[in-house]
file coords12.txt (compact mmCIF, C-alpha atoms and all ligand atoms)
# COMPACT_ATOMS: atom_id res chain seq x y z
CA SER A 17 100.71 90.16 121.42
CA GLY A 18 104.30 90.20 120.29
CA TYR A 19 106.80 93.04 120.39
CA VAL A 20 105.48 96.49 119.47
CA THR A 21 107.69 99.52 118.95
CA LEU A 22 106.01 102.69 120.09
CA ASP A 23 106.56 105.75 117.90
CA ILE A 24 103.71 108.19 118.42
CA GLY A 25 103.41 110.47 115.40
CA TYR A 26 105.70 108.14 113.38
CA LYS A 27 108.70 110.38 114.00
CA ASN A 28 111.20 107.64 113.14
CA THR A 29 109.18 104.88 111.55
CA GLY A 30 109.43 104.24 107.84
CA ALA A 31 106.14 102.92 106.51
CA THR A 32 107.22 102.18 102.96
CA LYS A 33 110.01 102.19 100.40
CA SER A 34 109.49 104.86 97.79
CA ALA A 35 111.25 105.91 94.59
CA ILE A 36 109.29 109.14 94.13
CA THR A 37 110.64 111.94 96.31
CA PHE A 38 113.98 112.35 98.03
CA LEU A 39 114.23 114.70 100.96
CA ASP A 40 117.21 115.55 103.19
CA GLY A 41 115.99 117.67 106.07
CA GLU A 42 119.43 118.51 107.40
CA LEU A 43 120.79 119.72 104.08
CA GLY A 44 117.52 121.20 102.80
CA ILE A 45 117.40 119.02 99.68
CA LEU A 46 114.21 118.09 97.84
CA LYS A 47 114.14 116.13 94.57
CA TYR A 48 111.30 114.60 92.60
CA ARG A 49 112.44 111.39 90.87
CA GLY A 50 116.01 112.67 91.22
CA TYR A 51 115.40 116.13 89.74
CA PRO A 52 116.19 119.02 92.14
CA ILE A 53 113.12 121.07 93.03
CA GLU A 54 114.98 124.27 92.07
CA GLN A 55 115.40 123.06 88.46
CA LEU A 56 111.82 121.87 88.18
CA ALA A 57 110.43 125.14 89.59
CA GLU A 58 112.48 127.13 87.11
CA LYS A 59 112.15 125.03 83.96
CA SER A 60 109.20 122.68 84.12
CA SER A 61 105.41 122.99 84.12
CA PHE A 62 102.98 121.57 86.66
CA ILE A 63 101.56 119.03 84.26
CA GLU A 64 105.03 117.84 83.22
CA VAL A 65 105.91 117.41 86.91
CA ALA A 66 102.66 115.50 87.41
CA TYR A 67 103.69 113.11 84.64
CA LEU A 68 107.18 112.81 86.13
CA LEU A 69 105.89 111.99 89.60
CA ILE A 70 103.26 109.52 88.44
CA TYR A 71 105.13 107.75 85.65
CA GLY A 72 108.71 108.12 86.89
CA ALA A 73 110.37 109.90 83.94
CA LEU A 74 110.16 113.25 82.22
CA PRO A 75 107.80 112.86 79.24
CA THR A 76 108.92 113.20 75.65
CA GLU A 77 107.18 115.93 73.69
CA GLN A 78 104.72 113.38 72.28
CA GLN A 79 104.03 111.84 75.69
CA LEU A 80 103.35 115.25 77.18
CA THR A 81 101.03 116.21 74.33
CA ASP A 82 99.15 112.93 74.69
CA PHE A 83 98.92 113.31 78.47
CA GLN A 84 97.52 116.83 78.18
CA TYR A 85 95.11 115.75 75.47
CA GLU A 86 93.85 112.84 77.54
CA ILE A 87 93.31 115.09 80.56
CA SER A 88 91.50 117.66 78.43
CA ARG A 89 88.99 114.97 77.36
CA TYR A 90 87.88 114.46 80.96
CA THR A 91 87.74 117.99 82.35
CA LEU A 92 83.95 118.05 82.41
CA VAL A 93 82.38 116.69 85.56
CA HIS A 94 78.98 115.05 85.54
CA GLU A 95 76.25 117.71 85.50
CA ASP A 96 74.55 116.09 88.49
CA MET A 97 77.61 116.88 90.58
CA LYS A 98 76.40 120.49 90.55
CA LYS A 99 73.51 119.49 92.81
CA PHE A 100 75.96 119.06 95.67
CA PHE A 101 76.72 122.76 95.57
CA ASP A 102 73.07 123.55 96.24
CA GLY A 103 73.31 121.57 99.46
CA PHE A 104 76.39 123.28 100.88
CA PRO A 105 75.83 126.42 102.96
CA SER A 106 77.21 129.34 100.93
CA LYS A 107 80.04 130.02 103.39
CA SER A 108 81.09 126.42 103.97
CA HIS A 109 84.83 125.86 103.87
CA PRO A 110 86.20 124.94 100.42
CA MET A 111 88.21 122.03 101.86
CA GLY A 112 85.11 120.36 103.28
CA GLN A 113 83.42 120.80 99.93
CA LEU A 114 86.40 119.51 97.96
CA SER A 115 86.85 116.41 100.10
CA SER A 116 83.14 115.56 99.75
CA LEU A 117 83.00 116.30 96.04
CA VAL A 118 86.07 114.22 95.22
CA CYS A 119 84.70 111.27 97.18
CA ALA A 120 81.35 111.72 95.43
CA LEU A 121 83.07 111.32 92.05
CA SER A 122 83.39 107.62 92.88
CA ALA A 123 79.61 107.34 92.61
CA PHE A 124 79.66 108.84 89.12
CA TYR A 125 82.63 106.82 87.86
CA PRO A 126 81.93 103.40 89.42
CA GLU A 127 84.45 101.60 87.21
CA SER A 128 87.01 102.93 89.72
CA LEU A 129 85.53 100.64 92.39
CA LYS A 130 87.02 97.46 90.93
CA PRO A 131 89.79 96.51 93.40
CA ILE A 132 91.91 94.84 90.72
CA GLN A 133 92.31 96.98 87.61
CA THR A 134 94.33 96.72 84.42
CA ASN A 135 97.10 99.28 83.87
CA GLU A 136 94.85 101.03 81.33
CA GLU A 137 92.00 101.27 83.83
CA VAL A 138 94.29 102.67 86.51
CA HIS A 139 95.69 105.17 84.01
CA LEU A 140 92.19 106.30 83.06
CA SER A 141 91.25 106.81 86.73
CA ILE A 142 94.37 108.90 87.21
CA ILE A 143 93.57 111.05 84.19
CA LYS A 144 90.01 111.57 85.43
CA VAL A 145 91.02 112.62 88.95
CA LEU A 146 93.58 115.09 87.61
CA ALA A 147 91.16 116.51 85.07
CA LYS A 148 88.11 116.83 87.31
CA MET A 149 89.82 118.19 90.38
CA ALA A 150 90.81 121.46 88.64
CA THR A 151 87.22 121.91 87.46
CA LEU A 152 85.83 121.23 90.94
CA VAL A 153 88.24 123.63 92.64
CA SER A 154 87.28 126.42 90.27
CA TRP A 155 83.58 125.67 90.70
CA ILE A 156 83.88 125.81 94.49
CA TYR A 157 85.24 129.32 94.08
CA LYS A 158 82.53 130.36 91.61
CA LYS A 159 79.82 129.01 93.90
CA SER A 160 81.27 130.94 96.86
CA LEU A 161 80.73 134.12 94.85
CA GLY A 162 77.26 133.07 93.77
CA HIS A 163 78.48 133.16 90.18
CA PRO A 164 77.67 130.63 87.47
CA VAL A 165 80.33 128.00 86.95
CA ILE A 166 82.56 128.22 83.89
CA TYR A 167 83.06 125.15 81.75
CA PRO A 168 86.58 124.10 80.82
CA ARG A 169 88.09 125.26 77.55
CA ASN A 170 90.30 122.52 76.33
CA LYS A 171 92.40 124.63 74.01
CA TYR A 172 94.15 125.81 77.18
CA ASP A 173 96.84 123.93 79.06
CA TYR A 174 95.96 122.59 82.52
CA VAL A 175 96.97 125.60 84.61
CA THR A 176 95.61 128.20 82.18
CA ASN A 177 92.34 126.28 81.99
CA PHE A 178 92.11 126.23 85.77
CA LEU A 179 92.71 129.99 85.98
CA TYR A 180 90.23 130.57 83.16
CA MET A 181 87.50 128.59 84.95
CA THR A 182 88.32 130.38 88.21
CA PHE A 183 88.61 133.97 87.05
CA GLY A 184 86.78 133.82 83.71
CA GLN A 185 83.27 135.15 83.25
CA ARG A 186 80.42 134.14 81.04
CA THR A 187 79.75 137.75 80.21
CA GLU A 188 83.07 138.66 78.67
CA GLU A 189 86.32 137.25 77.34
CA ILE A 190 89.26 137.54 79.69
CA GLU A 191 92.97 137.39 79.09
CA ILE A 192 94.92 135.11 81.39
CA ASP A 193 98.07 136.98 82.36
CA PRO A 194 101.16 134.80 81.58
CA VAL A 195 102.77 136.15 84.78
CA VAL A 196 99.90 134.62 86.75
CA VAL A 197 100.12 131.34 84.81
CA SER A 198 103.80 130.98 85.49
CA ALA A 199 103.43 131.91 89.19
CA MET A 200 100.68 129.33 89.54
CA ASN A 201 102.85 126.69 87.84
CA VAL A 202 105.69 127.35 90.29
CA LEU A 203 103.42 127.16 93.32
CA LEU A 204 101.78 123.94 92.19
CA ILE A 205 105.16 122.36 91.35
CA LEU A 206 106.53 123.20 94.80
CA HIS A 207 103.55 121.52 96.44
CA ALA A 208 103.39 118.50 94.13
CA ASP A 209 104.93 115.91 96.46
CA HIS A 210 106.66 115.70 99.80
CA GLU A 211 107.13 112.00 100.56
CA GLN A 212 105.43 110.49 103.63
CA ASN A 213 103.63 113.45 105.22
CA CYS A 214 100.27 113.28 107.01
CA SER A 215 98.05 113.51 103.92
CA THR A 216 100.19 111.34 101.65
CA SER A 217 100.49 108.56 104.21
CA THR A 218 96.72 108.83 104.62
CA VAL A 219 96.20 108.34 100.89
CA ARG A 220 98.46 105.28 100.91
CA ILE A 221 96.85 103.76 103.97
CA VAL A 222 93.30 104.29 102.70
CA GLY A 223 94.29 102.95 99.28
CA SER A 224 95.93 99.93 100.91
CA SER A 225 92.49 98.57 101.81
CA GLU A 226 91.79 98.66 98.03
CA SER A 227 89.53 101.68 98.39
CA ASN A 228 89.10 103.51 95.10
CA ILE A 229 91.26 106.42 93.99
CA TYR A 230 88.57 109.06 94.66
CA ALA A 231 88.05 107.90 98.26
CA SER A 232 91.81 107.75 98.80
CA VAL A 233 92.41 111.26 97.45
CA SER A 234 89.42 112.57 99.39
CA ALA A 235 90.97 111.23 102.61
CA GLY A 236 94.21 113.00 101.70
CA ILE A 237 92.30 116.26 101.28
CA SER A 238 90.79 115.84 104.75
CA ALA A 239 94.21 115.21 106.27
CA LEU A 240 95.66 118.24 104.50
CA TRP A 241 92.95 120.53 105.84
CA GLY A 242 94.37 120.86 109.37
CA PRO A 243 96.34 124.01 110.31
CA LEU A 244 99.39 121.95 111.26
CA HIS A 245 99.55 120.66 107.67
CA GLY A 246 98.16 122.34 104.52
CA GLY A 247 95.82 124.57 106.48
CA ALA A 248 98.88 126.52 107.61
CA ASN A 249 98.85 128.67 104.44
CA GLN A 250 95.46 130.09 105.39
CA ALA A 251 96.53 130.37 109.04
CA VAL A 252 99.64 132.35 108.05
CA ILE A 253 97.70 135.09 106.26
CA GLU A 254 95.14 135.25 109.07
CA MET A 255 98.02 135.63 111.52
CA LEU A 256 99.73 138.32 109.45
CA GLU A 257 96.45 140.22 109.13
CA LYS A 258 95.97 140.04 112.90
CA ILE A 259 99.49 141.33 113.51
CA LYS A 260 98.85 144.15 111.05
CA GLU A 261 95.59 145.15 112.79
CA ASP A 262 97.42 144.94 116.09
CA GLY A 263 99.86 147.65 114.94
CA GLY A 264 102.54 145.42 113.37
CA ASP A 265 104.47 144.76 116.59
CA THR A 266 106.36 141.63 115.50
CA ASP A 267 108.38 141.37 118.75
CA LYS A 268 105.16 140.99 120.70
CA TRP A 269 103.96 138.13 118.50
CA ILE A 270 107.32 136.39 118.55
CA ALA A 271 107.14 136.53 122.36
CA LYS A 272 103.66 134.99 122.22
CA ALA A 273 104.95 132.16 120.00
CA LYS A 274 107.71 131.43 122.51
CA ASP A 275 105.40 131.50 125.53
CA LYS A 276 104.60 127.89 126.46
CA ASN A 277 101.45 129.02 128.28
CA ASP A 278 100.14 130.59 125.09
CA PRO A 279 98.80 128.16 122.47
CA PHE A 280 99.83 130.56 119.68
CA ARG A 281 102.45 129.20 117.29
CA LEU A 282 104.20 131.13 114.58
CA MET A 283 102.29 129.72 111.62
CA GLY A 284 104.42 128.89 108.59
CA PHE A 285 107.39 128.18 110.83
CA GLY A 286 108.92 124.83 111.70
CA HIS A 287 108.85 121.50 109.97
CA ARG A 288 108.99 117.88 111.06
CA VAL A 289 111.78 117.07 108.64
CA TYR A 290 113.54 120.28 107.58
CA LYS A 291 115.86 121.34 110.36
CA ASN A 292 117.99 123.79 108.41
CA PHE A 293 115.79 125.41 105.83
CA ASP A 294 112.89 124.42 103.63
CA PRO A 295 114.16 124.63 100.02
CA ARG A 296 110.60 125.38 98.85
CA ALA A 297 110.43 128.40 101.16
CA LYS A 298 113.58 129.84 99.55
CA ILE A 299 112.06 129.57 96.07
CA ILE A 300 108.71 130.93 97.22
CA LYS A 301 110.20 133.93 98.99
CA LYS A 302 111.97 134.96 95.80
CA ALA A 303 108.91 134.22 93.65
CA CYS A 304 106.83 136.30 96.03
CA ASP A 305 109.06 139.36 95.56
CA ASP A 306 109.15 138.86 91.77
CA ILE A 307 105.42 138.36 91.33
CA LEU A 308 104.31 141.24 93.51
CA GLU A 309 106.70 143.48 91.62
CA LYS A 310 105.54 142.25 88.21
CA LEU A 311 101.89 142.68 89.18
CA GLY A 312 102.64 146.06 90.77
CA ILE A 313 101.22 145.02 94.14
CA ASP A 314 102.41 146.45 97.42
CA ASP A 315 101.19 144.25 100.26
CA GLU A 316 101.83 145.37 103.80
CA VAL A 317 101.61 141.82 105.12
CA LEU A 318 104.68 140.91 103.06
CA ASP A 319 106.68 143.46 105.03
CA ILE A 320 105.32 142.02 108.29
CA ALA A 321 106.22 138.48 107.14
CA LYS A 322 109.78 139.53 106.30
CA LYS A 323 110.17 141.30 109.62
CA LEU A 324 108.86 138.27 111.52
CA GLU A 325 111.28 136.03 109.69
CA GLU A 326 114.19 138.35 110.41
CA VAL A 327 113.39 138.57 114.12
CA ALA A 328 112.69 134.83 114.49
CA LEU A 329 115.85 133.72 112.74
CA LYS A 330 117.94 135.68 115.25
CA ASP A 331 116.00 134.51 118.29
CA PRO A 332 117.61 131.69 120.34
CA TYR A 333 114.19 129.99 120.81
CA PHE A 334 113.81 129.45 117.05
CA VAL A 335 117.52 128.87 116.43
CA GLU A 336 117.82 126.15 119.12
CA ARG A 337 114.70 124.37 117.89
CA LYS A 338 115.77 124.76 114.26
CA LEU A 339 112.55 126.48 113.28
CA TYR A 340 112.68 128.07 109.83
CA PRO A 341 109.99 129.40 107.49
CA ASN A 342 108.30 126.53 105.66
CA VAL A 343 106.59 126.39 102.26
CA ASP A 344 103.43 127.99 103.66
CA PHE A 345 105.03 131.12 105.03
CA TYR A 346 105.05 133.05 101.75
CA SER A 347 102.72 131.03 99.51
CA GLY A 348 99.57 132.73 100.80
CA ILE A 349 100.91 136.16 99.96
CA ILE A 350 101.33 135.05 96.35
CA TYR A 351 97.88 133.42 96.20
CA ARG A 352 96.41 136.66 97.49
CA ALA A 353 98.28 138.69 94.88
CA LEU A 354 96.87 136.38 92.20
CA GLY A 355 93.35 137.15 93.44
CA PHE A 356 92.44 134.10 95.54
CA PRO A 357 90.52 134.60 98.79
CA THR A 358 92.16 133.25 101.94
CA ASP A 359 89.89 130.25 102.42
CA MET A 360 90.84 128.94 98.97
CA PHE A 361 94.54 128.63 99.80
CA THR A 362 94.47 125.11 101.21
CA VAL A 363 92.40 123.95 98.26
CA LEU A 364 95.18 125.22 96.00
CA PHE A 365 97.68 123.24 98.05
CA ALA A 366 95.47 120.18 97.47
CA LEU A 367 95.42 120.79 93.72
CA GLY A 368 99.21 121.00 93.77
CA ARG A 369 99.63 117.91 95.95
CA LEU A 370 97.29 115.82 93.80
CA PRO A 371 99.97 114.35 91.47
CA GLY A 372 102.00 113.35 94.54
CA TRP A 373 99.04 111.61 96.13
CA ILE A 374 98.29 109.83 92.87
CA ALA A 375 101.93 108.79 92.37
CA GLN A 376 102.11 107.44 95.93
CA TRP A 377 98.78 105.65 95.61
CA LYS A 378 99.96 104.05 92.37
CA GLU A 379 103.33 103.09 93.83
CA MET A 380 101.61 101.48 96.82
CA LYS A 381 99.47 99.43 94.42
CA ASP A 382 102.35 98.57 92.06
CA ASN A 383 104.41 97.39 95.05
CA LYS A 384 101.45 95.27 96.19
CA GLU A 385 101.81 96.65 99.68
CA PRO A 386 99.76 94.95 102.41
CA ILE A 387 96.92 96.76 104.14
CA GLY A 388 98.23 99.46 106.49
CA ARG A 389 97.54 98.49 110.07
CA PRO A 390 99.56 100.12 112.87
CA ARG A 391 99.85 98.47 116.27
CA GLN A 392 99.31 100.03 119.69
CA ILE A 393 100.18 99.61 123.32
CA TYR A 394 97.00 99.20 125.31
CA THR A 395 96.76 101.40 128.43
CA GLY A 396 93.10 100.93 129.38
CA ALA A 397 91.38 99.00 132.13
CA THR A 398 92.09 95.32 132.66
CA THR A 399 89.09 92.98 132.80
CA ARG A 400 85.99 94.42 134.48
CA ASP A 401 82.68 92.69 135.09
CA TYR A 402 79.64 94.27 133.55
CA VAL A 403 77.53 96.15 136.12
CA ASP A 404 73.82 96.46 135.61
CA ILE A 405 72.76 100.10 134.96
CA ALA A 406 70.64 100.27 138.14
CA SER A 407 73.69 99.41 140.24
CA ARG A 408 76.17 101.95 138.76
N1 LIG B 1 106.03 128.35 116.72
C1 LIG B 1 106.51 128.22 117.99
N2 LIG B 1 107.08 127.13 118.45
C2 LIG B 1 107.18 126.06 117.63
C3 LIG B 1 106.72 126.11 116.31
C4 LIG B 1 106.11 127.30 115.86
N3 LIG B 1 105.65 127.40 114.62
N4 LIG B 1 106.93 124.92 115.71
C5 LIG B 1 107.52 124.15 116.63
N5 LIG B 1 107.68 124.84 117.79
C6 LIG B 1 108.33 124.35 119.02
C7 LIG B 1 107.44 123.40 119.79
O1 LIG B 1 106.65 124.10 120.73
C8 LIG B 1 108.44 122.49 120.43
O2 LIG B 1 109.02 123.19 121.52
P1 LIG B 1 109.48 122.39 122.85
O3 LIG B 1 110.58 121.47 122.40
O4 LIG B 1 109.95 123.47 123.78
O5 LIG B 1 108.27 121.67 123.35
C9 LIG B 1 109.55 122.35 119.37
O6 LIG B 1 109.46 123.59 118.62
C10 LIG B 1 109.38 121.16 118.43
O7 LIG B 1 108.05 121.23 117.86
P2 LIG B 1 107.13 119.96 117.60
O8 LIG B 1 105.73 120.41 117.59
O9 LIG B 1 107.52 118.85 118.52
O10 LIG B 1 107.60 119.56 116.14
P3 LIG B 1 106.82 118.65 115.13
O11 LIG B 1 107.83 118.08 114.21
O12 LIG B 1 105.92 117.70 115.86
O13 LIG B 1 105.85 119.68 114.37
C11 LIG B 1 105.07 121.32 112.85
C12 LIG B 1 106.15 120.27 113.14
C13 LIG B 1 105.20 121.77 111.40
C14 LIG B 1 103.68 120.70 113.05
C15 LIG B 1 105.27 122.51 113.80
O14 LIG B 1 106.52 123.11 113.58
C16 LIG B 1 104.16 123.56 113.69
O15 LIG B 1 103.12 123.44 114.33
N6 LIG B 1 104.36 124.64 112.83
C17 LIG B 1 103.32 125.61 112.60
C18 LIG B 1 102.32 125.08 111.59
C19 LIG B 1 102.87 125.04 110.17
O16 LIG B 1 103.44 125.99 109.70
N7 LIG B 1 102.64 123.89 109.49
C20 LIG B 1 103.01 123.73 108.08
C21 LIG B 1 104.08 122.69 107.89
S1 LIG B 1 104.83 122.79 106.26
C22 LIG B 1 103.58 122.40 105.15
C23 LIG B 1 103.18 120.98 105.22
O17 LIG B 1 103.98 120.11 104.80
O18 LIG B 1 102.08 120.73 105.64
call {"tool": "encode", "arguments": {"input": "coords12.txt", "output": "C-alpha cells"}}
result
Amino acid sequence: SGYVTLDIGYKNTGATKSAITFLDGELGILKYRGYPIEQLAEKSSFIEVAYLLIYGALPTEQQLTDFQYEISRYTLVHEDMKKFFDGFPSKSHPMGQLSSLVCALSAFYPESLKPIQTNEEVHLSIIKVLAKMATLVSWIYKKSLGHPVIYPRNKYDYVTNFLYMTFGQRTEEIEIDPVVVSAMNVLLILHADHEQNCSTSTVRIVGSSESNIYASVSAGISALWGPLHGGANQAVIEMLEKIKEDGGDTDKWIAKAKDKNDPFRLMGFGHRVYKNFDPRAKIIKKACDDILEKLGIDDEVLDIAKKLEEVALKDPYFVERKLYPNVDFYSGIIYRALGFPTDMFTVLFALGRLPGWIAQWKEMKDNKEPIGRPRQIYTGATTRDYVDIASR
C-alpha cells in the first residue's frame, strides 16, 4: 500500500545520513572523517584510522596507547573456538570460515546479546571484535597449512602482531620486515571504510534489528565475499594468472570483456560510484611498484596488469562507460608479494574493512535508526484458489 519508489540495487537511494566517510565519485575524492585518504595512507597507521573512524577524531597519544592496550588484552580467542577448525574441510574458503567464526564469537561472549547496552559495554564489544578478528584471520591461514596456530604477542602493535601470528612459527623466532608492516598498514587503511557499499549497508541493516555486533559483522563478511565486491581482489589475480598462461595476449581479453555475449568482465575494473578514477587505486598502484622493488620481487602478472590498464584506458568501451581500475586491481599483487595465498585476499579486505563496519554499526545505533525494511513492487500472481494435489 502507499507510494513506493523503485530503485533496484539502490543506485540513487540514500538509506542513512552518515558523518563517517565522504566520497565524490566524479572528482575521485575519498575522506575519512574529513581527512583525505592520501594523507592517512601516507602518515597514519591502521589502528589510528580505526580509532578515527569509530570515535570520530584522531586520538591523542594517550588515547592511542590506551586503545592499543585495550585491544591487546583481548587478542586471545576462547580455546574452544579452535574446535571449529577441526570441522571445516581443509580446503574450505577462508571467507566462509571467517564469517562462521565471527558469528560464533557471539556464543562465547554472550554479553554482546543485550540489545540495549551502556557506552562502556558497546566499547568493550568493539575492542573484542577488533582484537579477535586479527587472531582468527591468522589462524585460518595457519590451519590451511596444517600448521599449529600462533598465539598473539601483545608487545607488538596490531598489524605487526597480525603478521607475526600469520607468518611466525613456533619453532623459531622470526623478524617482521618493517617494509611488510608498512605495506600492510597502507592496504588496511585504504580498505577501512567506503560509505554505503553492499557489505556496510548489510552490517547496518542487520544491526538495525538489534542483532549483536558479531552477527552484524559476520553478515558484512558474507556480503563482501562475492566477486562483484571484495571477492574481486582474488578474482583479479586468478584472471591475471589465466591471461599469463594464455600467452599474455591482453587485447584478446579486453575483447572478451567487451563482448556482451561473454560473461567475462575485466575484474578490478569499474565502480558503482567512481566514474573518473578510484583514488585508492592510484595509491595502491604506486605502493605496488614501491613494495615489489623494496622486496626485490619481479612479478610477471604486474606487467600484465599494467598492460591491461593501458589498453583499457584507451578503449572507447571503457572510456564511454567510465570504467577505471578500482582498489582491487593492484591490491592482490601486493598481498601476493607479502606472501599471502590468493584465497586469503578477501579475508584481508575484511580485516581492513572491519573498523568501517564497526563505525557504521555504532553510528546506526547512536542515531537510533529504525529497523531497515525496504519495500517492493509485487509482480506475482493475483488471487488463486488452492487446487488439491490430485487435481493439478
Ligand atoms: N568489465 C567489462 N564491462 C564492465 C565492467 C567490467 N569490469 N564493469 C562494468 N562494465 C559495463 C557493464 O557491462 C555495463 O555495460 P552496458 O551499459 O553496456 O550494459 C556498464 O559497464 C555499467 O556496468 P554496471 O554493471 O551497470 O555497473 P554497476 O555500477 O552496477 O557495477 C561493478 C559496478 C563494480 C559491480 C562492476 O563495474 C563490475 O562488475 N566490476 C568488476 C568487479 C570488480 O572489480 N568489483 C570490485 C569493485 S571495487 C571494490 C569494492 O568496493 O568492492
call {"tool": "closest_residue", "arguments": {"input": "coords12.txt", "among": "A:Val138, A:Ile53, A:Ala35, A:Cys214", "to": "A:Trp241", "atoms": "all atoms listed in the file"}}
result
A:Cys214
call {"tool": "closest_residue", "arguments": {"input": "coords12.txt", "among": "A:Gly72, A:Gly388, A:Gly348, A:Pro131", "to": "A:Gly372", "atoms": "all atoms listed in the file"}}
result
A:Gly72
call {"tool": "closest_residue", "arguments": {"input": "coords12.txt", "among": "A:Pro341, A:Gly286, A:Pro52, A:Gly184", "to": "ligand LIG 1 (chain B)", "atoms": "only C-alpha atoms and all ligand atoms"}}
result
A:Gly286
call {"tool": "closest_atom_pairs", "arguments": {"input": "coords12.txt", "of": "chain A", "to": "ligand LIG 1 (chain B)", "cutoff": "7 Å", "atoms": "all atoms listed in the file", "output": "CSV"}}
result
residue,atom,partner,partner_atom,distance
A:Asn213,CA,B:LIG1,O17,6.7
A:Leu240,CA,B:LIG1,O18,7.0
A:Pro243,CA,B:LIG1,C18,6.2
A:Leu244,CA,B:LIG1,N7,4.2
A:His245,CA,B:LIG1,O18,3.2
A:Gly246,CA,B:LIG1,O18,4.4
A:Ala248,CA,B:LIG1,N7,5.0
A:Ala273,CA,B:LIG1,C1,4.7
A:Lys274,CA,B:LIG1,C1,5.7
A:Arg281,CA,B:LIG1,N1,3.7
A:Leu282,CA,B:LIG1,N1,4.0
A:Met283,CA,B:LIG1,C17,4.3
A:Gly284,CA,B:LIG1,O16,3.3
A:Phe285,CA,B:LIG1,N3,4.2
A:Gly286,CA,B:LIG1,O14,3.5
A:His287,CA,B:LIG1,C13,3.9
A:Arg288,CA,B:LIG1,O11,3.4
A:Val289,CA,B:LIG1,O11,6.9
A:Arg337,CA,B:LIG1,O6,5.3
A:Leu339,CA,B:LIG1,N4,6.3
A:Asn342,CA,B:LIG1,S1,5.1
A:Val343,CA,B:LIG1,S1,5.7
A:Asp344,CA,B:LIG1,C22,5.8
call {"tool": "closest_residue", "arguments": {"input": "coords12.txt", "among": "A:Gly41, A:Gly30, A:Tyr48, A:Asn177", "to": "A:Ile87", "atoms": "all atoms listed in the file"}}
result
A:Asn177
call {"tool": "closest_residue", "arguments": {"input": "coords12.txt", "among": "A:Gly264, A:Pro110, A:Pro295, A:Gly355", "to": "A:Leu324", "atoms": "only C-alpha atoms"}}
result
A:Gly264
call {"tool": "atom_distance", "arguments": {"input": "coords12.txt", "atom1": "atom CA of A:Gln133", "atom2": "atom CA of A:Tyr230"}}
result
14.5 Å
call {"tool": "closest_residue", "arguments": {"input": "coords12.txt", "among": "A:Ser198, A:Gln84, A:Ser225, A:Thr362", "to": "A:Lys59", "atoms": "only C-alpha atoms"}}
result
A:Ser198
call {"tool": "atom_distance", "arguments": {"input": "coords12.txt", "atom1": "atom CA of A:Val317", "atom2": "atom CA of A:Leu354"}}
result
14.8 Å
call {"tool": "build_atoms", "arguments": {"input": "coords12.txt", "residues": "stretch 56-71 of chain A", "atoms": "N, CA and C atoms", "output": "mmCIF file, keeping the file's coordinate frame"}}
result
data_model
loop_
_atom_site.group_PDB
_atom_site.id
_atom_site.type_symbol
_atom_site.label_atom_id
_atom_site.label_comp_id
_atom_site.auth_asym_id
_atom_site.auth_seq_id
_atom_site.Cartn_x
_atom_site.Cartn_y
_atom_site.Cartn_z
ATOM 1 N N LEU A 56 113.204 122.091 88.641
ATOM 2 C CA LEU A 56 111.820 121.870 88.180
ATOM 3 C C LEU A 56 111.020 123.169 88.284
ATOM 4 N N ALA A 57 111.194 123.885 89.402
ATOM 5 C CA ALA A 57 110.430 125.140 89.590
ATOM 6 C C ALA A 57 110.800 126.152 88.504
ATOM 7 N N GLU A 58 112.043 126.130 88.087
ATOM 8 C CA GLU A 58 112.480 127.130 87.110
ATOM 9 C C GLU A 58 112.105 126.735 85.678
ATOM 10 N N LYS A 59 112.232 125.425 85.380
ATOM 11 C CA LYS A 59 112.150 125.030 83.960
ATOM 12 C C LYS A 59 110.909 124.249 83.561
ATOM 13 N N SER A 60 110.254 123.617 84.522
ATOM 14 C CA SER A 60 109.200 122.680 84.120
ATOM 15 C C SER A 60 107.816 123.317 84.237
ATOM 16 N N SER A 61 106.798 122.538 83.920
ATOM 17 C CA SER A 61 105.410 122.990 84.120
ATOM 18 C C SER A 61 104.764 122.011 85.083
ATOM 19 N N PHE A 62 103.654 122.428 85.674
ATOM 20 C CA PHE A 62 102.980 121.570 86.660
ATOM 21 C C PHE A 62 102.589 120.230 86.043
ATOM 22 N N ILE A 63 102.083 120.270 84.831
ATOM 23 C CA ILE A 63 101.560 119.030 84.260
ATOM 24 C C ILE A 63 102.705 118.088 83.882
ATOM 25 N N GLU A 64 103.852 118.679 83.496
ATOM 26 C CA GLU A 64 105.030 117.840 83.220
ATOM 27 C C GLU A 64 105.515 117.176 84.513
ATOM 28 N N VAL A 65 105.504 117.957 85.612
ATOM 29 C CA VAL A 65 105.910 117.410 86.910
ATOM 30 C C VAL A 65 104.941 116.321 87.352
ATOM 31 N N ALA A 66 103.658 116.527 87.068
ATOM 32 C CA ALA A 66 102.660 115.500 87.410
ATOM 33 C C ALA A 66 103.009 114.199 86.700
ATOM 34 N N TYR A 67 103.318 114.297 85.418
ATOM 35 C CA TYR A 67 103.690 113.110 84.640
ATOM 36 C C TYR A 67 104.937 112.447 85.243
ATOM 37 N N LEU A 68 105.924 113.300 85.551
ATOM 38 C CA LEU A 68 107.180 112.810 86.130
ATOM 39 C C LEU A 68 106.930 112.036 87.420
ATOM 40 N N LEU A 69 106.147 112.632 88.310
ATOM 41 C CA LEU A 69 105.890 111.990 89.600
ATOM 42 C C LEU A 69 105.144 110.671 89.418
ATOM 43 N N ILE A 70 104.129 110.694 88.566
ATOM 44 C CA ILE A 70 103.260 109.520 88.440
ATOM 45 C C ILE A 70 103.933 108.407 87.635
ATOM 46 N N TYR A 71 104.583 108.792 86.541
ATOM 47 C CA TYR A 71 105.130 107.750 85.650
ATOM 48 C C TYR A 71 106.653 107.584 85.731
#
